[in-house]
Amino acid sequence: MMSSRKPVTIPVKPWFRDHCFNGKVILPAVEIMEILASAVQVIRPDIHPRMLSNASFLKFLEIPEETTELSALIDYNEGDKGEICIRLLSRIHFKKITRIKEHAQVSFLTRLQETTGRTATDQFPSSPPSNSIAAERIYQELVPFGPAYHTLTGRLHLSDKGAWGYLQAPLLAEEKQIEKTLGSPFPLDGAMHAACVFGQCVVDFVPFPVGFSKRTIHNPTRAGKQYKTKIVPVSHSRDELVFDLSIFDAAGTLCETVKGLRMRDVSRGQIVPPDWLKGTLKNNDFATTTKQ
């Protein structure tokens with residue numbers, strides 16, 4: 001089994017400042033996945049970077065004010081089946097000792113499974129939604145990120161079966177010439193915003209992504225393009241929600257899926273949903289039938 005560790009420098013992009021949690025700027029999980037995917041291409045060119053599994057986002061990597069770059073570590077291990085488990089670490093310096101903090105880990109598989117694109121009929125439910133919320137209100141009250149991460153557009157539609165709506169990948173000046181390994185990070189970030197909103201309708205905490213079982217990128221999303229997303233709730237326990245996410249392009253072609261997205265209360269009860277969300281889902285079968 002191969003194992004190694006090497007330093008990595010992470011440039012702090014201006015739009016990262018719009019990604020905040022509880023008053024602190026944090027490196028987005030979607031950017032962490034891009035960093036790890038880029039690293040794995042150098043380590044093992046035969047690994048397919050667009051099939052990710054067993055992801056965990058363990059500790060926030062905070063971005064201090066006026067910081068232009070972050071120093072971190074990439075740690076990787078080769079599994080028995082040729083997959084690579086890669087972790088993002090940082091050093092925490094104390095007066096006499098230095099400790100290592102693990103922020104995230106993802107496994108990359110050796111090949112992309114064959115899949116077929118879904119048609120437009122698979123995107124949104126045929127039944128009408130129980131309710132809908134304007135994207136402007138979502139970013140004012142439910143997902144208070146800055147404008148660079150206002151990826152949901154129009155209205156997010158909600159029912160006990162899930163949520164669905166539209167995403168706009170921004171065309172940022174510094175990204176025009178950049179072709180990211182995993183595509184634009186913003187559509188998936190916006191899809192997770194939709195899951196967060198649905199979660200706030202059924203639990204008394206604000207759910208934040210902490211990992212997933214599998215992410216498969218069939219057609220990478222691109223800056224400046226519009227997409228559609230569908231959020232399907234899978235299970236609900238006292239402290240965790242699990243969802244499946246899908247992202248489609250404007251023609252109805254499946255771009256990517258996330259299976260088993262796990263979301264939890266990372267604020268330890270300090271941040272709670274607003275009262276007006278109660279009763280948003282008229283028939284909240286998900287909360288009543290899957291709660292454990």
# chains A, B, ... in the order shown; residues from 1 in each chain; ligands from 1

$ residues_around --residues "Ala163 of chain A" --least-positions-apart "3" --cutoff "6 Å" --atoms "only C-alpha atoms" --output "VMD selection string"
chain A and resid 157 to 158 230 to 231

$ residues_around --residues "Val242 of chain A" --least-positions-apart "6" --cutoff "8 Å" --atoms "only C-alpha atoms" --output "NGL selection string"
:A and (233-236 or 260-263)

$ write_last_selection --atoms "C-alpha atoms" --output "tab-separated table (two decimals), in the first residue's frame"
chain	number	residue	atom	x	y	z
A	233	PRO	CA	-34.65	13.03	0.67
A	234	VAL	CA	-33.45	9.53	1.54
A	235	SER	CA	-33.50	9.27	5.34
A	236	HIS	CA	-33.87	11.35	8.46
A	260	GLY	CA	-25.98	9.73	0.12
A	261	LEU	CA	-25.24	13.38	0.89
A	262	ARG	CA	-25.06	13.57	4.70
A	263	MET	CA	-26.04	16.83	6.42

$ closest_residue --among "A:Thr151, A:Ser246, A:Gln168, A:Thr110" --to "Ser53 of chain A" --atoms "only C-alpha atoms"
A:Thr110

$ select_by_dssp --residues "segment 37-129 of chain A" --states "alpha helix (DSSP H)" --output "list of chain:residue names"
A:Ala37, A:Ser38, A:Ala39, A:Val40, A:Gln41, A:Val42, A:Ile43

$ write_last_selection --atoms "C-alpha atoms" --output "JSON list (two decimals), in the first residue's frame"
[["chain", "number", "residue", "atom", "x", "y", "z"],
["A", 37, "ALA", "CA", -8.98, 16.05, -7.63],
["A", 38, "SER", "CA", -6.18, 18.19, -9.10],
["A", 39, "ALA", "CA", -3.69, 16.62, -6.68],
["A", 40, "VAL", "CA", -4.75, 13.06, -7.49],
["A", 41, "GLN", "CA", -4.23, 13.65, -11.21],
["A", 42, "VAL", "CA", -0.58, 14.41, -10.50],
["A", 43, "ILE", "CA", -0.15, 11.49, -8.10]]

$ atom_distance --atom1 "atom CA of Leu167 of chain A" --atom2 "atom CA of Leu152 of chain A"
4.6 Å

$ closest_residue --among "A:Ser71, A:Ser107, A:Ser159, A:Asn77" --to "Phe212 of chain A" --atoms "only C-alpha atoms"
A:Ser107

$ atom_distance --atom1 "atom CA of Phe108 of chain A" --atom2 "atom CA of Arg91 of chain A"
24.1 Å

$ select_by_dssp --residues "segment 30-275 of chain A" --states "strand (DSSP E)" --output "compact mmCIF listing (two decimals) with C-alpha atoms, in the first residue's frame"
# COMPACT_ATOMS: atom_id res chain seq x y z
CA MET A 51 -15.79 9.62 -9.68
CA LEU A 52 -15.52 10.39 -5.97
CA SER A 53 -16.64 8.22 -3.06
CA ASN A 54 -16.67 8.02 0.73
CA ALA A 55 -16.21 11.76 1.22
CA SER A 56 -16.06 13.30 4.68
CA PHE A 57 -15.80 17.00 5.50
CA GLU A 69 -3.01 31.86 0.32
CA LEU A 70 -3.35 28.90 2.67
CA SER A 71 -0.64 26.38 3.48
CA ALA A 72 -1.93 22.84 3.80
CA LEU A 73 -0.92 19.21 3.36
CA ILE A 74 -2.10 16.51 0.99
CA ASP A 75 -1.97 12.99 2.44
CA TYR A 76 -2.81 10.00 0.27
CA ASN A 77 -3.03 6.22 0.54
CA GLU A 78 -3.51 3.66 -2.20
CA ILE A 84 -6.70 6.54 -3.80
CA CYS A 85 -7.90 7.94 -0.47
CA ILE A 86 -6.68 11.52 -0.29
CA ARG A 87 -6.94 13.89 2.66
CA LEU A 88 -6.57 17.63 3.17
CA LEU A 89 -4.68 18.49 6.36
CA SER A 90 -3.27 21.59 8.03
CA ARG A 91 -0.70 22.23 10.74
CA ILE A 92 -1.82 23.92 13.94
CA HIS A 93 1.11 25.59 15.71
CA THR A 98 2.59 21.33 16.20
CA ARG A 99 -0.52 19.28 15.58
CA ILE A 100 -2.12 18.05 12.39
CA LYS A 101 -5.82 18.76 11.76
CA GLU A 102 -7.76 16.78 9.17
CA HIS A 103 -10.30 18.80 7.20
CA ALA A 104 -11.56 16.44 4.52
CA GLN A 105 -11.01 13.12 2.82
CA VAL A 106 -12.22 11.67 -0.48
CA SER A 107 -11.56 8.44 -2.36
CA PHE A 108 -11.08 8.46 -6.14
CA ASN A 131 -44.74 25.61 -1.48
CA SER A 132 -41.91 27.60 -2.99
CA ILE A 133 -39.40 30.16 -1.71
CA ALA A 134 -37.76 32.96 -3.68
CA LEU A 152 -30.10 29.30 -6.82
CA THR A 153 -32.28 31.48 -9.05
CA GLY A 154 -35.99 32.13 -9.38
CA ARG A 155 -37.89 30.05 -6.85
CA LEU A 156 -37.03 26.81 -5.07
CA HIS A 157 -40.02 24.46 -5.14
CA LEU A 158 -40.68 22.17 -2.18
CA SER A 159 -42.81 19.13 -1.46
CA GLY A 162 -38.00 16.80 -2.26
CA ALA A 163 -37.00 20.12 -3.80
CA TRP A 164 -36.27 21.33 -7.32
CA GLY A 165 -35.22 24.54 -9.00
CA TYR A 166 -32.70 26.35 -11.17
CA LEU A 167 -29.00 27.11 -10.74
CA GLN A 168 -26.85 29.75 -12.38
CA PRO A 207 -28.10 21.16 8.10
CA PHE A 208 -24.61 21.51 6.66
CA PRO A 209 -22.94 18.94 4.35
CA VAL A 210 -20.51 16.64 6.15
CA GLY A 211 -19.95 13.95 3.51
CA PHE A 212 -21.44 11.71 0.83
CA SER A 213 -21.28 8.14 -0.47
CA LYS A 214 -20.61 8.84 -4.14
CA ARG A 215 -20.33 11.77 -6.54
CA THR A 216 -20.25 11.05 -10.26
CA ILE A 217 -19.59 13.80 -12.80
CA GLN A 226 -27.80 27.58 -16.24
CA TYR A 227 -28.72 24.21 -14.75
CA LYS A 228 -31.58 22.43 -13.02
CA THR A 229 -31.36 20.53 -9.77
CA LYS A 230 -33.51 17.95 -8.01
CA ILE A 231 -33.11 17.06 -4.33
CA VAL A 232 -34.55 13.75 -3.09
CA PRO A 233 -34.65 13.03 0.67
CA VAL A 234 -33.45 9.53 1.54
CA SER A 235 -33.50 9.27 5.34
CA HIS A 236 -33.87 11.35 8.46
CA GLU A 240 -28.61 13.68 10.33
CA LEU A 241 -30.41 14.09 7.01
CA VAL A 242 -29.43 12.13 3.89
CA PHE A 243 -30.22 13.24 0.32
CA ASP A 244 -29.59 12.28 -3.28
CA LEU A 245 -28.87 15.21 -5.62
CA SER A 246 -29.03 15.49 -9.41
CA ILE A 247 -27.93 18.33 -11.68
CA PHE A 248 -29.10 18.63 -15.32
CA ASP A 249 -28.21 21.06 -18.07
CA LEU A 254 -27.61 14.60 -16.59
CA CYS A 255 -24.45 16.44 -15.53
CA GLU A 256 -23.74 14.97 -12.11
CA THR A 257 -25.20 13.06 -9.21
CA VAL A 258 -24.43 12.87 -5.52
CA LYS A 259 -25.65 9.82 -3.66
CA GLY A 260 -25.98 9.73 0.12
CA LEU A 261 -25.24 13.38 0.89
CA ARG A 262 -25.06 13.57 4.70
CA MET A 263 -26.04 16.83 6.42
CA ARG A 264 -25.78 17.64 10.12
CA ASP A 265 -25.95 20.44 12.66

$ residues_around --residues "Gly183 of chain A" --least-positions-apart "4" --cutoff "10 Å" --atoms "only C-alpha atoms" --output "PyMOL selection string"
chain A and resi 34+50+178-179+187-188+217+219-223+255

$ write_last_selection --atoms "N, CA and C atoms" --output "short mmCIF file (atom, residue, chain, number, x, y, z; two decimals), in the first residue's frame"
data_model
loop_
_atom_site.label_atom_id
_atom_site.label_comp_id
_atom_site.auth_asym_id
_atom_site.auth_seq_id
_atom_site.Cartn_x
_atom_site.Cartn_y
_atom_site.Cartn_z
N GLU A 34 -12.11 20.04 -5.55
CA GLU A 34 -11.33 20.42 -6.72
C GLU A 34 -9.83 20.34 -6.43
N ARG A 50 -13.26 12.19 -11.76
CA ARG A 50 -14.67 12.59 -11.73
C ARG A 50 -15.59 11.52 -11.15
N ILE A 178 -10.20 29.40 -16.96
CA ILE A 178 -9.87 28.24 -16.14
C ILE A 178 -10.84 27.10 -16.43
N GLU A 179 -10.33 25.95 -16.80
CA GLU A 179 -11.14 24.75 -16.96
C GLU A 179 -10.89 23.85 -15.76
N PRO A 187 -22.63 25.13 -9.25
CA PRO A 187 -23.90 24.40 -9.31
C PRO A 187 -24.08 23.39 -8.18
N LEU A 188 -23.06 22.60 -7.87
CA LEU A 188 -23.19 21.65 -6.77
C LEU A 188 -23.37 22.39 -5.45
N ILE A 217 -19.48 12.68 -11.87
CA ILE A 217 -19.59 13.80 -12.80
C ILE A 217 -19.62 13.25 -14.21
N ASN A 219 -21.02 15.04 -17.05
CA ASN A 219 -20.73 16.16 -17.95
C ASN A 219 -20.42 17.37 -17.08
N PRO A 220 -19.16 17.79 -16.99
CA PRO A 220 -18.81 18.87 -16.06
C PRO A 220 -19.59 20.15 -16.32
N THR A 221 -20.07 20.77 -15.26
CA THR A 221 -20.77 22.04 -15.37
C THR A 221 -19.78 23.14 -15.73
N ARG A 222 -20.27 24.19 -16.37
CA ARG A 222 -19.41 25.25 -16.87
C ARG A 222 -19.86 26.63 -16.40
N ALA A 223 -18.89 27.52 -16.25
CA ALA A 223 -19.18 28.89 -15.82
C ALA A 223 -20.10 29.58 -16.82
N CYS A 255 -25.83 15.96 -15.67
CA CYS A 255 -24.45 16.44 -15.53
C CYS A 255 -23.73 15.76 -14.37
#

$ atom_distance --atom1 "atom CA of Ile271 of chain A" --atom2 "atom CA of Pro28 of chain A"
18.7 Å

$ closest_residue --among "A:Pro11, A:Asp239, A:Phe16, A:Glu83" --to "Arg44 of chain A" --atoms "only C-alpha atoms"
A:Glu83
